[in-house]
$ cat protein24.cif   # mmCIF, C-alpha atoms
data_start
#
loop_
_atom_site.group_PDB
_atom_site.id
_atom_site.type_symbol
_atom_site.label_atom_id
_atom_site.label_comp_id
_atom_site.auth_asym_id
_atom_site.auth_seq_id
_atom_site.Cartn_x
_atom_site.Cartn_y
_atom_site.Cartn_z
ATOM 1 C CA MET B 1 22.158 -6.979 -3.634
ATOM 2 C CA ASN B 2 21.915 -5.873 -7.279
ATOM 3 C CA ILE B 3 22.654 -2.152 -7.094
ATOM 4 C CA ALA B 4 22.299 -1.272 -10.793
ATOM 5 C CA HIS B 5 18.824 0.154 -10.139
ATOM 6 C CA LEU B 6 20.286 2.667 -7.661
ATOM 7 C CA VAL B 7 22.543 4.502 -10.109
ATOM 8 C CA ASN B 8 21.442 8.151 -10.437
ATOM 9 C CA LYS B 9 18.495 7.593 -8.082
ATOM 10 C CA ARG B 10 17.554 10.897 -6.459
ATOM 11 C CA ILE B 11 15.849 10.986 -3.059
ATOM 12 C CA LEU B 12 14.655 14.201 -1.429
ATOM 13 C CA ILE B 13 13.949 14.324 2.311
ATOM 14 C CA LEU B 14 11.941 17.268 3.603
ATOM 15 C CA GLY B 15 12.471 17.967 7.295
ATOM 16 C CA LYS B 16 15.675 17.896 9.301
ATOM 17 C CA GLY B 17 14.300 16.812 12.666
ATOM 18 C CA TYR B 18 15.346 13.625 14.369
ATOM 19 C CA VAL B 19 13.305 11.434 11.991
ATOM 20 C CA GLY B 20 14.440 13.130 8.786
ATOM 21 C CA THR B 21 18.055 13.211 9.942
ATOM 22 C CA ALA B 22 18.011 9.523 10.892
ATOM 23 C CA ILE B 23 16.668 8.567 7.465
ATOM 24 C CA TYR B 24 19.168 10.832 5.721
ATOM 25 C CA ASN B 25 22.149 9.390 7.610
ATOM 26 C CA GLU B 26 21.172 5.864 6.568
ATOM 27 C CA LEU B 27 20.420 6.646 2.928
ATOM 28 C CA LYS B 28 23.733 8.508 2.631
ATOM 29 C CA LEU B 29 25.404 5.104 2.942
ATOM 30 C CA PHE B 30 24.008 4.269 -0.497
ATOM 31 C CA GLU B 31 25.731 7.199 -2.220
ATOM 32 C CA CYS B 32 28.606 4.935 -3.272
ATOM 33 C CA ALA B 33 26.026 2.858 -5.145
ATOM 34 C CA GLY B 34 24.785 5.897 -7.053
ATOM 35 C CA VAL B 35 22.067 7.287 -4.782
ATOM 36 C CA ASP B 36 21.881 11.080 -4.567
ATOM 37 C CA VAL B 37 20.134 11.966 -1.294
ATOM 38 C CA THR B 38 19.301 15.516 -0.218
ATOM 39 C CA VAL B 39 17.746 16.674 3.056
ATOM 40 C CA LEU B 40 16.224 20.148 3.364
ATOM 41 C CA GLN B 41 14.764 22.037 6.276
ATOM 42 C CA GLN B 42 12.300 24.891 5.925
ATOM 43 C CA ALA B 43 15.103 27.439 6.321
ATOM 44 C CA ASP B 44 16.702 25.967 3.177
ATOM 45 C CA LEU B 45 13.488 25.730 1.171
ATOM 46 C CA ASP B 46 10.025 26.860 2.192
ATOM 47 C CA TYR B 47 8.274 23.615 1.315
ATOM 48 C CA THR B 48 5.058 24.967 2.835
ATOM 49 C CA ASP B 49 4.782 27.243 -0.240
ATOM 50 C CA ALA B 50 3.318 25.187 -3.098
ATOM 51 C CA ASP B 51 4.635 27.543 -5.798
ATOM 52 C CA ILE B 52 8.188 27.338 -4.456
ATOM 53 C CA MET B 53 7.934 23.558 -4.221
ATOM 54 C CA ARG B 54 6.654 23.276 -7.782
ATOM 55 C CA VAL B 55 9.652 25.200 -9.128
ATOM 56 C CA TYR B 56 12.078 23.199 -7.017
ATOM 57 C CA LEU B 57 10.634 19.806 -7.971
ATOM 58 C CA GLU B 58 10.635 20.724 -11.664
ATOM 59 C CA TYR B 59 14.317 21.626 -11.308
ATOM 60 C CA ALA B 60 15.534 18.804 -9.050
ATOM 61 C CA ARG B 61 13.267 16.027 -10.391
ATOM 62 C CA PRO B 62 13.788 13.573 -7.515
ATOM 63 C CA HIS B 63 12.559 10.016 -7.932
ATOM 64 C CA VAL B 64 11.147 9.944 -4.401
ATOM 65 C CA VAL B 65 10.158 12.650 -1.909
ATOM 66 C CA ILE B 66 10.004 11.698 1.769
ATOM 67 C CA SER B 67 8.052 14.179 3.881
ATOM 68 C CA CYS B 68 9.404 14.105 7.444
ATOM 69 C CA PHE B 69 8.286 17.525 8.627
ATOM 70 C CA GLY B 70 5.284 18.316 10.765
ATOM 71 C CA PHE B 71 4.007 19.935 13.914
ATOM 72 C CA THR B 72 4.158 17.849 17.098
ATOM 73 C CA GLY B 73 4.337 20.625 19.682
ATOM 74 C CA ARG B 74 6.682 21.304 22.558
ATOM 75 C CA PRO B 75 6.668 19.830 25.056
ATOM 76 C CA ASN B 76 3.693 17.908 23.622
ATOM 77 C CA ILE B 77 0.663 18.118 21.333
ATOM 78 C CA ASP B 78 -1.137 20.559 23.655
ATOM 79 C CA GLU B 79 0.773 23.328 21.867
ATOM 80 C CA ALA B 80 -1.284 22.582 18.748
ATOM 81 C CA GLU B 81 -4.355 23.898 20.561
ATOM 82 C CA ASP B 82 -2.675 27.316 20.708
ATOM 83 C CA LYS B 83 -1.002 27.235 17.280
ATOM 84 C CA LYS B 84 -3.726 25.780 15.106
ATOM 85 C CA ASP B 85 -2.810 27.644 11.910
ATOM 86 C CA LEU B 86 0.802 26.447 12.052
ATOM 87 C CA CYS B 87 -0.221 22.916 12.983
ATOM 88 C CA TRP B 88 -2.694 22.740 10.103
ATOM 89 C CA ARG B 89 -0.206 24.102 7.577
ATOM 90 C CA LEU B 90 2.592 21.703 8.548
ATOM 91 C CA ASN B 91 0.515 18.572 9.148
ATOM 92 C CA CYS B 92 -2.146 18.891 6.466
ATOM 93 C CA THR B 93 -1.916 21.639 3.849
ATOM 94 C CA ALA B 94 1.799 21.505 2.991
ATOM 95 C CA PRO B 95 2.220 17.715 2.751
ATOM 96 C CA ALA B 96 -1.070 17.428 0.809
ATOM 97 C CA ASP B 97 0.137 20.098 -1.657
ATOM 98 C CA ILE B 98 3.454 18.275 -2.109
ATOM 99 C CA ASN B 99 1.607 15.004 -2.571
ATOM 100 C CA ARG B 100 -0.419 16.522 -5.429
ATOM 101 C CA LEU B 101 2.690 18.013 -7.025
ATOM 102 C CA CYS B 102 4.471 14.668 -6.895
ATOM 103 C CA SER B 103 1.417 12.959 -8.364
ATOM 104 C CA SER B 104 1.313 15.405 -11.281
ATOM 105 C CA MET B 105 5.040 14.876 -11.973
ATOM 106 C CA GLY B 106 5.176 11.102 -11.467
ATOM 107 C CA ILE B 107 7.424 11.421 -8.398
ATOM 108 C CA GLY B 108 7.131 8.831 -5.646
ATOM 109 C CA PHE B 109 5.856 10.226 -2.357
ATOM 110 C CA ILE B 110 6.128 8.986 1.240
ATOM 111 C CA ASN B 111 4.605 10.946 4.115
ATOM 112 C CA ILE B 112 5.670 10.202 7.681
ATOM 113 C CA SER B 113 2.522 10.759 9.697
ATOM 114 C CA SER B 114 0.732 9.552 12.828
ATOM 115 C CA GLY B 115 -1.565 6.771 13.964
ATOM 116 C CA CYS B 116 -2.966 8.969 16.730
ATOM 117 C CA ILE B 117 -6.273 9.178 14.884
ATOM 118 C CA TYR B 118 -7.814 6.252 16.757
ATOM 119 C CA SER B 119 -8.714 5.702 20.374
ATOM 120 C CA GLY B 120 -10.180 2.834 22.370
ATOM 121 C CA TYR B 121 -9.647 -0.885 22.789
ATOM 122 C CA GLY B 122 -12.613 -2.594 21.191
ATOM 123 C CA VAL B 123 -10.416 -3.529 18.207
ATOM 124 C CA ASP B 124 -6.814 -3.360 16.991
ATOM 125 C CA PHE B 125 -7.254 -0.654 14.355
ATOM 126 C CA ASN B 126 -6.121 -1.511 10.846
ATOM 127 C CA GLU B 127 -5.421 0.787 7.916
ATOM 128 C CA LYS B 128 -8.962 0.451 6.557
ATOM 129 C CA ASN B 129 -10.737 1.337 9.794
ATOM 130 C CA LYS B 130 -12.388 4.741 9.767
ATOM 131 C CA PRO B 131 -10.617 7.032 12.284
ATOM 132 C CA ASN B 132 -12.623 7.586 15.470
ATOM 133 C CA PHE B 133 -10.265 10.215 16.930
ATOM 134 C CA GLY B 134 -9.865 12.526 13.958
ATOM 135 C CA MET B 135 -11.517 15.351 12.088
ATOM 136 C CA PHE B 136 -15.081 14.640 13.100
ATOM 137 C CA ASP B 137 -14.542 13.498 16.682
ATOM 138 C CA ASP B 138 -13.823 14.893 20.128
ATOM 139 C CA SER B 139 -10.075 14.689 19.560
ATOM 140 C CA SER B 140 -6.971 16.847 19.800
ATOM 141 C CA PHE B 141 -6.320 19.412 17.063
ATOM 142 C CA TYR B 142 -3.077 17.550 16.334
ATOM 143 C CA SER B 143 -5.057 14.371 15.570
ATOM 144 C CA LYS B 144 -7.542 16.313 13.459
ATOM 145 C CA SER B 145 -4.708 17.719 11.335
ATOM 146 C CA LYS B 146 -3.215 14.256 10.755
ATOM 147 C CA HIS B 147 -6.555 12.774 9.729
ATOM 148 C CA ALA B 148 -7.195 15.777 7.485
ATOM 149 C CA TYR B 149 -3.976 15.044 5.583
ATOM 150 C CA GLU B 150 -5.155 11.529 4.799
ATOM 151 C CA LEU B 151 -8.462 12.916 3.533
ATOM 152 C CA GLN B 152 -6.646 15.488 1.364
ATOM 153 C CA ALA B 153 -4.016 13.076 0.055
ATOM 154 C CA GLY B 154 -6.499 10.799 -1.640
ATOM 155 C CA ASN B 155 -5.015 7.675 -3.190
ATOM 156 C CA TYR B 156 -1.513 8.813 -4.164
ATOM 157 C CA GLY B 157 1.712 7.924 -2.388
ATOM 158 C CA SER B 158 2.317 6.078 0.854
ATOM 159 C CA THR B 159 1.505 7.249 4.379
ATOM 160 C CA ILE B 160 3.531 5.756 7.229
ATOM 161 C CA ARG B 161 1.739 6.055 10.553
ATOM 162 C CA LEU B 162 3.943 6.245 13.650
ATOM 163 C CA ARG B 163 2.945 6.197 17.306
ATOM 164 C CA MET B 164 4.972 7.250 20.331
ATOM 165 C CA PRO B 165 8.328 7.038 18.496
ATOM 166 C CA PHE B 166 11.421 6.061 20.460
ATOM 167 C CA THR B 167 15.125 6.139 19.685
ATOM 168 C CA PRO B 168 18.270 4.543 21.166
ATOM 169 C CA ASP B 169 19.547 7.852 22.529
ATOM 170 C CA THR B 170 18.685 10.676 24.922
ATOM 171 C CA ASN B 171 17.033 12.925 22.329
ATOM 172 C CA SER B 172 14.323 14.992 24.009
ATOM 173 C CA ARG B 173 11.799 13.864 21.353
ATOM 174 C CA ASN B 174 12.341 10.234 22.300
ATOM 175 C CA TYR B 175 9.234 8.710 23.945
ATOM 176 C CA LEU B 176 11.453 7.093 26.574
ATOM 177 C CA MET B 177 13.040 10.406 27.513
ATOM 178 C CA LYS B 178 9.637 12.068 27.584
ATOM 179 C CA ILE B 179 8.177 9.657 30.116
ATOM 180 C CA LEU B 180 11.416 9.781 32.086
ATOM 181 C CA GLY B 181 10.708 13.478 32.632
ATOM 182 C CA TYR B 182 7.131 13.014 33.830
ATOM 183 C CA ASP B 183 6.296 12.153 37.436
ATOM 184 C CA ASN B 184 2.663 11.238 36.769
ATOM 185 C CA LEU B 185 1.838 8.728 34.041
ATOM 186 C CA ILE B 186 -1.327 7.011 32.882
ATOM 187 C CA GLU B 187 -1.696 3.244 32.532
ATOM 188 C CA TYR B 188 -2.620 2.361 28.956
ATOM 189 C CA ARG B 189 -1.525 -0.110 26.303
ATOM 190 C CA ASN B 190 -0.263 1.833 23.298
ATOM 191 C CA SER B 191 1.407 0.901 20.032
ATOM 192 C CA LYS B 192 4.852 2.429 19.562
ATOM 193 C CA THR B 193 7.472 2.893 16.845
ATOM 194 C CA SER B 194 11.234 2.382 16.886
ATOM 195 C CA ILE B 195 12.850 5.008 14.667
ATOM 196 C CA PRO B 196 15.781 2.701 13.720
ATOM 197 C CA GLU B 197 13.211 0.182 12.467
ATOM 198 C CA LEU B 198 11.447 2.957 10.537
ATOM 199 C CA VAL B 199 14.759 3.879 8.925
ATOM 200 C CA ARG B 200 15.237 0.229 7.942
ATOM 201 C CA PHE B 201 11.763 0.174 6.380
ATOM 202 C CA ILE B 202 12.289 3.403 4.422
ATOM 203 C CA THR B 203 15.616 2.039 3.166
ATOM 204 C CA TYR B 204 13.834 -1.128 2.087
ATOM 205 C CA MET B 205 11.171 0.872 0.228
ATOM 206 C CA THR B 206 13.510 3.302 -1.520
ATOM 207 C CA CYS B 207 16.792 1.433 -2.033
ATOM 208 C CA ASP B 208 16.416 -2.312 -1.501
ATOM 209 C CA ALA B 209 13.062 -2.978 -3.182
ATOM 210 C CA CYS B 210 13.234 0.415 -4.923
ATOM 211 C CA PHE B 211 9.468 0.745 -5.243
ATOM 212 C CA SER B 212 8.136 2.791 -8.144
ATOM 213 C CA PRO B 213 5.623 5.638 -7.568
ATOM 214 C CA ASP B 214 2.783 3.270 -8.470
ATOM 215 C CA GLU B 215 4.088 0.598 -6.108
ATOM 216 C CA LEU B 216 4.352 3.125 -3.269
ATOM 217 C CA THR B 217 0.743 4.079 -3.928
ATOM 218 C CA ASP B 218 -0.240 0.408 -3.884
ATOM 219 C CA ILE B 219 1.382 0.102 -0.452
ATOM 220 C CA GLY B 220 -0.720 3.064 0.673
ATOM 221 C CA ILE B 221 -1.166 3.524 4.409
ATOM 222 C CA VAL B 222 0.994 1.472 6.778
ATOM 223 C CA ASN B 223 0.614 1.207 10.546
ATOM 224 C CA PHE B 224 4.316 1.175 11.316
ATOM 225 C CA VAL B 225 4.283 -0.040 14.907
ATOM 226 C CA HIS B 226 5.511 -3.084 16.788
ATOM 227 C CA PRO B 227 3.444 -6.166 17.495
ATOM 228 C CA GLU B 228 2.670 -7.042 21.124
ATOM 229 C CA PRO B 229 2.516 -3.497 22.552
ATOM 230 C CA LEU B 230 3.152 -3.049 26.266
ATOM 231 C CA MET B 231 1.301 -1.326 29.077
ATOM 232 C CA THR B 232 2.868 1.812 30.542
ATOM 233 C CA SER B 233 3.778 -0.103 33.708
ATOM 234 C CA ASP B 234 5.600 -2.730 31.611
ATOM 235 C CA VAL B 235 7.659 -0.010 29.941
ATOM 236 C CA LEU B 236 8.546 1.493 33.315
ATOM 237 C CA GLU B 237 9.722 -1.896 34.580
ATOM 238 C CA LEU B 238 11.950 -2.271 31.530
ATOM 239 C CA MET B 239 13.389 1.197 32.035
ATOM 240 C CA LYS B 240 14.124 0.442 35.686
ATOM 241 C CA GLU B 241 15.927 -2.718 34.607
ATOM 242 C CA TYR B 242 18.298 -0.600 32.529
ATOM 243 C CA GLY B 243 18.759 2.102 35.144
ATOM 244 C CA VAL B 244 16.714 4.710 33.268
ATOM 245 C CA VAL B 245 14.524 5.712 36.201
ATOM 246 C CA ASN B 246 12.523 8.560 37.645
ATOM 247 C CA ASP B 247 12.088 7.894 41.368
ATOM 248 C CA ASN B 248 8.926 10.019 41.403
ATOM 249 C CA TRP B 249 7.007 7.948 38.863
ATOM 250 C CA LYS B 250 3.377 7.380 39.775
ATOM 251 C CA LEU B 251 0.539 5.888 37.747
ATOM 252 C CA VAL B 252 -2.535 8.094 37.998
ATOM 253 C CA ASP B 253 -5.927 8.502 36.378
ATOM 254 C CA ILE B 254 -5.948 10.624 33.230
ATOM 255 C CA ASP B 255 -8.215 13.157 34.993
ATOM 256 C CA GLU B 256 -5.274 13.951 37.288
ATOM 257 C CA ILE B 257 -3.050 14.973 34.372
ATOM 258 C CA ASP B 258 -2.977 18.654 33.418
ATOM 259 C CA ILE B 259 -3.634 18.516 29.674
ATOM 260 C CA LYS B 260 -5.464 20.788 27.228
ATOM 261 C CA ALA B 261 -6.405 18.188 24.634
ATOM 262 C CA PRO B 262 -7.623 14.592 24.860
ATOM 263 C CA ARG B 263 -5.102 11.881 24.039
ATOM 264 C CA SER B 264 -5.173 8.942 21.668
ATOM 265 C CA ASN B 265 -4.750 5.586 23.431
ATOM 266 C CA CYS B 266 -5.029 2.506 21.244
ATOM 267 C CA VAL B 267 -3.433 -0.516 19.619
ATOM 268 C CA LEU B 268 -2.834 -0.541 15.864
ATOM 269 C CA ASP B 269 -3.036 -3.696 13.795
ATOM 270 C CA THR B 270 0.232 -4.773 12.087
ATOM 271 C CA GLU B 271 -1.095 -7.399 9.658
ATOM 272 C CA TRP B 272 -0.538 -5.221 6.558
ATOM 273 C CA LEU B 273 3.077 -4.545 7.573
ATOM 274 C CA GLU B 274 3.578 -8.296 7.954
ATOM 275 C CA CYS B 275 1.974 -8.891 4.534
ATOM 276 C CA LEU B 276 4.550 -6.530 3.033
ATOM 277 C CA GLY B 277 7.196 -9.007 4.201
ATOM 278 C CA PHE B 278 8.829 -6.703 6.710
ATOM 279 C CA ASN B 279 10.072 -8.514 9.798
ATOM 280 C CA MET B 280 9.211 -6.236 12.729
ATOM 281 C CA PRO B 281 10.458 -7.187 16.217
ATOM 282 C CA THR B 282 8.089 -7.181 19.162
ATOM 283 C CA GLU B 283 7.852 -3.966 21.124
ATOM 284 C CA GLU B 284 9.738 -5.423 24.088
ATOM 285 C CA VAL B 285 12.651 -6.531 21.906
ATOM 286 C CA ALA B 286 12.870 -3.099 20.248
ATOM 287 C CA LEU B 287 12.641 -1.267 23.579
ATOM 288 C CA ARG B 288 15.366 -3.419 25.105
ATOM 289 C CA LYS B 289 17.637 -2.678 22.164
ATOM 290 C CA ALA B 290 17.049 1.066 22.552
ATOM 291 C CA LEU B 291 17.470 0.995 26.334
ATOM 292 C CA THR B 292 20.752 -0.903 26.062
ATOM 293 C CA LYS B 293 22.209 1.908 23.958
ATOM 294 C CA ILE B 294 20.738 4.603 26.195
ATOM 295 C CA GLN B 295 22.265 2.892 29.229
ATOM 296 C CA ASP B 296 25.656 2.741 27.491
ATOM 297 C CA GLU B 297 25.398 6.428 26.525
ATOM 298 C CA ARG B 298 24.548 7.474 30.069
ATOM 299 C CA ASP B 299 27.320 5.304 31.531
ATOM 300 C CA SER B 300 29.835 6.742 29.069
ATOM 301 C CA PHE B 301 28.744 10.282 29.970
ATOM 302 C CA SER B 302 29.113 9.529 33.693
ATOM 303 C CA ARG B 303 32.641 8.154 33.169
ATOM 304 C CA GLY B 304 33.617 11.057 30.946
#

$ encode --input "protein24.cif" --output "structure tokens"
Amino acid sequence: MNIAHLVNKRILILGKGYVGTAIYNELKLFECAGVDVTVLQQADLDYTDADIMRVYLEYARPHVVISCFGFTGRPNIDEAEDKKDLCWRLNCTAPADINRLCSSMGIGFINISSGCIYSGYGVDFNEKNKPNFGMFDDSSFYSKSKHAYELQAGNYGSTIRLRMPFTPDTNSRNYLMKILGYDNLIEYRNSKTSIPELVRFITYMTCDACFSPDELTDIGIVNFVHPEPLMTSDVLELMKEYGVVNDNWKLVDIDEIDIKAPRSNCVLDTEWLECLGFNMPTEEVALRKALTKIQDERDSFSRG
């Protein structure tokens, strides 16, 4: 790889959760090639304050800003129904403000967002389909806030839509660990996202291909999910195969689940991701890779 284009390249990551940290750890490997990568959490810099962000960006002048912060709720998105102001600020207002600042300064911008703005199975939703589970629909407030960002962002920067993200570890935010902790589950086919694959894609965008701000904008919205998504029951069978099991698992109707907000259940189209030349493994392959590492981690913990 020709690394001359990486010398003095400055990348700013906002958000130090498991997604932001994973991206930071990978991009740090490029420091020897001249990449200067910084990750900040809100305690370091209140990036929800547009005036503070303007001063910081004018000082730091990064080439690319990657927004990895947001409100997802604990233990799930139902919390957004009770904390609407915070959810709106973190998922819509703040990233939209940063997007506009980056646009005015010619700084590349990538926002890590969500594909949970669609629901239903009449079509595999692509990036040009109008959301049917967003601002103007009977949806969760979380989904409304994510759709609102896309409306506010306009045509600048790139938005990477994730769904049900999973990791090769026992992090509590991992989709696999979440469903491990639930006894009652609903049977749907849903697109999902491997965080290691996301990290590989962000590295490709920022360091390998080194897209300019205009090129990032040309990429626009990307459904970053795996082809050939599985049913819930298929995922459970895979987890059982690797010894990651809840003996109380039961598939039930959604009406039997105690939830405050409706849920997005859908399949996202991956044709645009394929057109970008990114080789994405099938969902089963990615899940098996993650489960292998989770199994090894659990076995090592048991031995230790």

$ closest_residue --input "protein24.cif" --among "B:Tyr204, B:Phe141, B:Tyr182, B:Phe136" --to "Ile257 of chain B" --atoms "all atoms listed in the file"
B:Tyr182

$ residues_around --input "protein24.cif" --residues "Leu251 of chain B" --least-positions-apart "4" --cutoff "6 Å" --atoms "all atoms listed in the file" --output "MDAnalysis selection string"
chainID B and resid 184:186

$ resolve_selection --input "protein24.cif" --expression "the PyMOL selection byres ((chain B and resi 91-100) around 8)" --output "list in words"
Tyr47, Thr48, Asp49, Ala50, Met53, Ser67, Phe69, Gly70, Phe71, Cys87, Trp88, Arg89, Leu90, Leu101, Cys102, Ser103, Ser104, Phe109, Asn111, Ser145, Lys146, Ala148, Tyr149, Gln152, Ala153, Tyr156 and Gly157 of chain B

$ atom_distance --input "protein24.cif" --atom1 "atom CA of Ile219 of chain B" --atom2 "atom CA of Leu268 of chain B"
16.9 Å

$ closest_residue --input "protein24.cif" --among "B:Cys116, B:Met164, B:Ile259, B:Cys32" --to "Pro131 of chain B" --atoms "all atoms listed in the file"
B:Cys116

$ build_atoms --input "protein24.cif" --residues "segment 162-170 of chain B" --atoms "all heavy atoms" --output "CSV table (one decimal), keeping the file's coordinate frame"
chain,number,residue,atom,x,y,z
B,162,LEU,N,3.1,6.5,12.5
B,162,LEU,CA,3.9,6.2,13.6
B,162,LEU,C,3.1,6.5,14.9
B,162,LEU,O,2.1,7.2,14.9
B,162,LEU,CB,5.2,7.1,13.7
B,162,LEU,CG,6.0,7.3,12.4
B,162,LEU,CD1,7.3,8.1,12.8
B,162,LEU,CD2,6.4,6.0,11.8
B,163,ARG,N,3.5,5.9,16.0
B,163,ARG,CA,2.9,6.2,17.3
B,163,ARG,C,4.0,6.2,18.4
B,163,ARG,O,4.8,5.2,18.4
B,163,ARG,CB,1.8,5.2,17.7
B,163,ARG,CG,0.6,5.3,16.8
B,163,ARG,CD,-0.7,4.9,17.6
B,163,ARG,NE,-1.0,5.9,18.6
B,163,ARG,CZ,-1.3,5.6,19.9
B,163,ARG,NH1,-1.1,4.4,20.3
B,163,ARG,NH2,-1.6,6.6,20.7
B,164,MET,N,4.1,7.2,19.2
B,164,MET,CA,5.0,7.2,20.3
B,164,MET,C,6.4,6.8,20.0
B,164,MET,O,6.9,5.8,20.5
B,164,MET,CB,4.4,6.4,21.5
B,164,MET,CG,3.1,6.9,22.0
B,164,MET,SD,2.5,6.0,23.4
B,164,MET,CE,1.1,7.0,23.9
B,165,PRO,N,7.0,7.5,19.0
B,165,PRO,CA,8.3,7.0,18.5
B,165,PRO,C,9.4,7.1,19.5
B,165,PRO,O,9.5,8.0,20.3
B,165,PRO,CB,8.6,8.0,17.3
B,165,PRO,CG,7.8,9.2,17.6
B,165,PRO,CD,6.5,8.7,18.3
B,166,PHE,N,10.3,6.1,19.5
B,166,PHE,CA,11.4,6.1,20.5
B,166,PHE,C,12.7,5.8,19.7
B,166,PHE,O,12.7,5.2,18.6
B,166,PHE,CB,11.2,5.0,21.6
B,166,PHE,CG,11.0,3.6,21.1
B,166,PHE,CD1,12.1,2.8,21.0
B,166,PHE,CD2,9.8,3.1,20.9
B,166,PHE,CE1,12.0,1.4,20.6
B,166,PHE,CE2,9.6,1.8,20.5
B,166,PHE,CZ,10.7,1.0,20.4
B,167,THR,N,13.8,6.2,20.3
B,167,THR,CA,15.1,6.1,19.7
B,167,THR,C,16.1,5.6,20.7
B,167,THR,O,15.9,5.7,21.9
B,167,THR,CB,15.6,7.5,19.2
B,167,THR,OG1,15.5,8.4,20.3
B,167,THR,CG2,14.7,8.0,18.1
B,168,PRO,N,17.3,5.1,20.2
B,168,PRO,CA,18.3,4.5,21.2
B,168,PRO,C,19.2,5.6,21.7
B,168,PRO,O,20.5,5.4,21.7
B,168,PRO,CB,19.0,3.5,20.3
B,168,PRO,CG,18.9,4.1,18.9
B,168,PRO,CD,17.6,4.8,18.8
B,169,ASP,N,18.7,6.8,22.1
B,169,ASP,CA,19.5,7.9,22.5
B,169,ASP,C,18.7,8.7,23.5
B,169,ASP,O,17.6,8.4,23.8
B,169,ASP,CB,20.1,8.7,21.4
B,169,ASP,CG,19.0,9.2,20.4
B,169,ASP,OD1,17.9,9.6,20.9
B,169,ASP,OD2,19.2,9.1,19.2
B,170,THR,N,19.3,9.8,23.9
B,170,THR,CA,18.7,10.7,24.9
B,170,THR,C,18.1,11.9,24.3
B,170,THR,O,17.9,12.9,24.9
B,170,THR,CB,19.7,11.1,26.0
B,170,THR,OG1,20.8,11.7,25.4
B,170,THR,CG2,20.1,9.9,26.8
